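*Asks:* There's a structure below that I have some questions on.
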Amino acid sequence: MSNFEVFKNEFQGDIVVPTDEDYAAAITRWVTSAERKAKVVAFVKESQDVARAIKYAKANHLPIAVRGGGHNPSGASSEDGLVIDLTRYINTITVDPDNRLADVGGGAMWSEPWIKQPCNMGWRLLPQQNLVFVSPPILQVD
């Protein structure tokens, strides 16, 4: 069994490679000039997936990029490398309304349905919890 097959079998999230049907969607970024042809896109589900992806990339001399929910001019991609992508599974928000705290996953994006458009420049609204929080005043963040 190849080390890719071992990696794929141990990985809890989703692995996408150029021959997969959903590869084009996996490398799509906020602007086409930020897209890179990664060899592997690893949609992590847990911290051990991150460790597995780093171990695999290191063993195969692949550059690593991490894609979170932020706005990055590089597109958080890696030409011929491995992308650790947080956007598919680590994209949740948990709100503690009593303490007025929100825990936002690293892959969460402003375009998520639970976040409304800015209610004021630099502020976002979580309507269900009647909470407002600071965000960058960027028109396109996803």
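To be explicit about the labels: the chains of the structure tokens are called A, B, and onward in the order shown, and within each one the residues are counted from 1, while ligands get numbers from 1 in the order they are shown.
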Could you pull out the helix (DSSP H, G or I) residues of region 32-91 of chain A from DSSP and send them as a VMD selection string?
*Replies:* chain A and resid 32 to 34 47 to 59
*Asks:* Kindly indicate which residue among A:Gly68, A:Pro18, A:Gly13, A:Gly81 lies nearest to Ser47 (chain A), using only C-alpha atoms for the distances.
*Replies:*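 Nearest candidate to Ser47 (chain A) out of A:Gly68, A:Pro18, A:Gly13, A:Gly81: A:Gly13.
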*Asks:* Can you tell me how far CA of Gln12 (chain A) sits from CA of Gln48 (chain A), in Å to one decimal?
*Replies:*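 Going from CA of Gln12 (chain A) over to CA of Gln48 (chain A), I get 8.5 Å.
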*Asks:* So which residues touch region 22-27 of chain A within 10 Å, counting only C-alpha atoms, skipping near sequence neighbours fewer than 5 positions away, as a VMD selection string?
*Replies:* chain A and resid 15 to 17 32 34 to 43 75 to 78 83 85 88
*Asks:* Restrict the selected residues to N, CA and C atoms and save them as a short mmCIF file (atom, residue, chain, number, x, y, z; two decimals), in the first residue's frame.
*Replies:*
data_model
loop_
_atom_site.label_atom_id
_atom_site.label_comp_id
_atom_site.auth_asym_id
_atom_site.auth_seq_id
_atom_site.Cartn_x
_atom_site.Cartn_y
_atom_site.Cartn_z
N ILE A 15 -10.25 13.87 1.26
CA ILE A 15 -9.05 14.11 0.47
C ILE A 15 -9.50 14.31 -0.98
N VAL A 16 -9.04 15.38 -1.60
CA VAL A 16 -9.39 15.65 -2.99
C VAL A 16 -8.10 15.83 -3.77
N VAL A 17 -8.01 15.13 -4.91
CA VAL A 17 -6.84 15.20 -5.80
C VAL A 17 -7.32 15.58 -7.20
N THR A 32 -9.98 34.21 -9.17
CA THR A 32 -9.30 33.16 -9.93
C THR A 32 -7.79 33.31 -9.93
N ALA A 34 -5.99 33.83 -7.51
CA ALA A 34 -5.48 33.25 -6.27
C ALA A 34 -5.55 31.73 -6.28
N GLU A 35 -6.10 31.13 -7.32
CA GLU A 35 -6.21 29.68 -7.39
C GLU A 35 -4.89 29.06 -7.80
N ARG A 36 -4.55 27.95 -7.15
CA ARG A 36 -3.33 27.20 -7.46
C ARG A 36 -3.71 25.73 -7.64
N LYS A 37 -2.97 25.05 -8.47
CA LYS A 37 -3.23 23.63 -8.74
C LYS A 37 -2.54 22.76 -7.68
N ALA A 38 -3.19 22.59 -6.56
CA ALA A 38 -2.65 21.77 -5.48
C ALA A 38 -2.66 20.30 -5.88
N LYS A 39 -1.68 19.55 -5.39
CA LYS A 39 -1.67 18.10 -5.61
C LYS A 39 -2.71 17.42 -4.73
N VAL A 40 -2.88 17.95 -3.52
CA VAL A 40 -3.80 17.36 -2.56
C VAL A 40 -4.51 18.49 -1.80
N VAL A 41 -5.83 18.36 -1.67
CA VAL A 41 -6.60 19.24 -0.80
C VAL A 41 -7.16 18.36 0.30
N ALA A 42 -6.80 18.68 1.55
CA ALA A 42 -7.20 17.87 2.70
C ALA A 42 -8.21 18.66 3.53
N PHE A 43 -9.48 18.29 3.44
CA PHE A 43 -10.53 18.92 4.23
C PHE A 43 -10.54 18.24 5.60
N GLY A 75 -4.63 33.45 -1.70
CA GLY A 75 -5.65 32.45 -1.96
C GLY A 75 -5.54 31.24 -1.07
N ALA A 76 -4.56 31.22 -0.16
CA ALA A 76 -4.33 30.08 0.73
C ALA A 76 -4.33 28.79 -0.06
N SER A 77 -3.47 28.75 -1.04
CA SER A 77 -3.35 27.57 -1.86
C SER A 77 -1.88 27.28 -2.09
N SER A 78 -1.60 26.16 -2.68
CA SER A 78 -0.22 25.74 -2.86
C SER A 78 -0.06 25.06 -4.21
N VAL A 83 -2.95 21.44 0.50
CA VAL A 83 -3.74 22.46 1.17
C VAL A 83 -4.50 21.81 2.32
N ASP A 85 -7.44 22.39 4.41
CA ASP A 85 -8.61 23.24 4.25
C ASP A 85 -9.56 23.07 5.44
N ARG A 88 -14.64 23.14 5.17
CA ARG A 88 -15.74 22.18 5.03
C ARG A 88 -16.27 21.70 6.37
#
*Asks:* Measure the distance from CA of Asp49 (chain A) to CA of Ala102 (chain A) in Å and round it to one decimal.
*Replies:* 24.3 Å
*Asks:* Nearest to Ser2 (chain A) among A:Asn60, A:Glu46, A:Ile54, A:Arg29, with distances taken over only C-alpha atoms: which residue is it?
*Replies:*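 The closest residue to Ser2 (chain A) is A:Asn60.
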*Asks:* Which one of A:Ala51, A:Leu82, A:Thr92, A:Asp20 sits closest to Arg67 (chain A) if you count only C-alpha atoms?
*Replies:*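 When distances to Arg67 (chain A) are compared using only C-alpha atoms, the smallest one comes from A:Leu82.
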*Asks:* Give me the residues near Gly69 (chain A) as a list in words, where near means some atom within 7 Å (using only C-alpha atoms) and where sequence neighbours in that chain fewer than 4 positions away do not count.
*Replies:* Thr87, Gly106, Gly107, Ala108, Met109 and Asp142 of chain A
*Asks:* Would you compute the distance between CA of Tyr56 (chain A) and CA of Asn91 (chain A)? Give it in Å to one decimal.
*Replies:*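 For CA of Tyr56 (chain A) relative to CA of Asn91 (chain A), the distance reads 23.5 Å.
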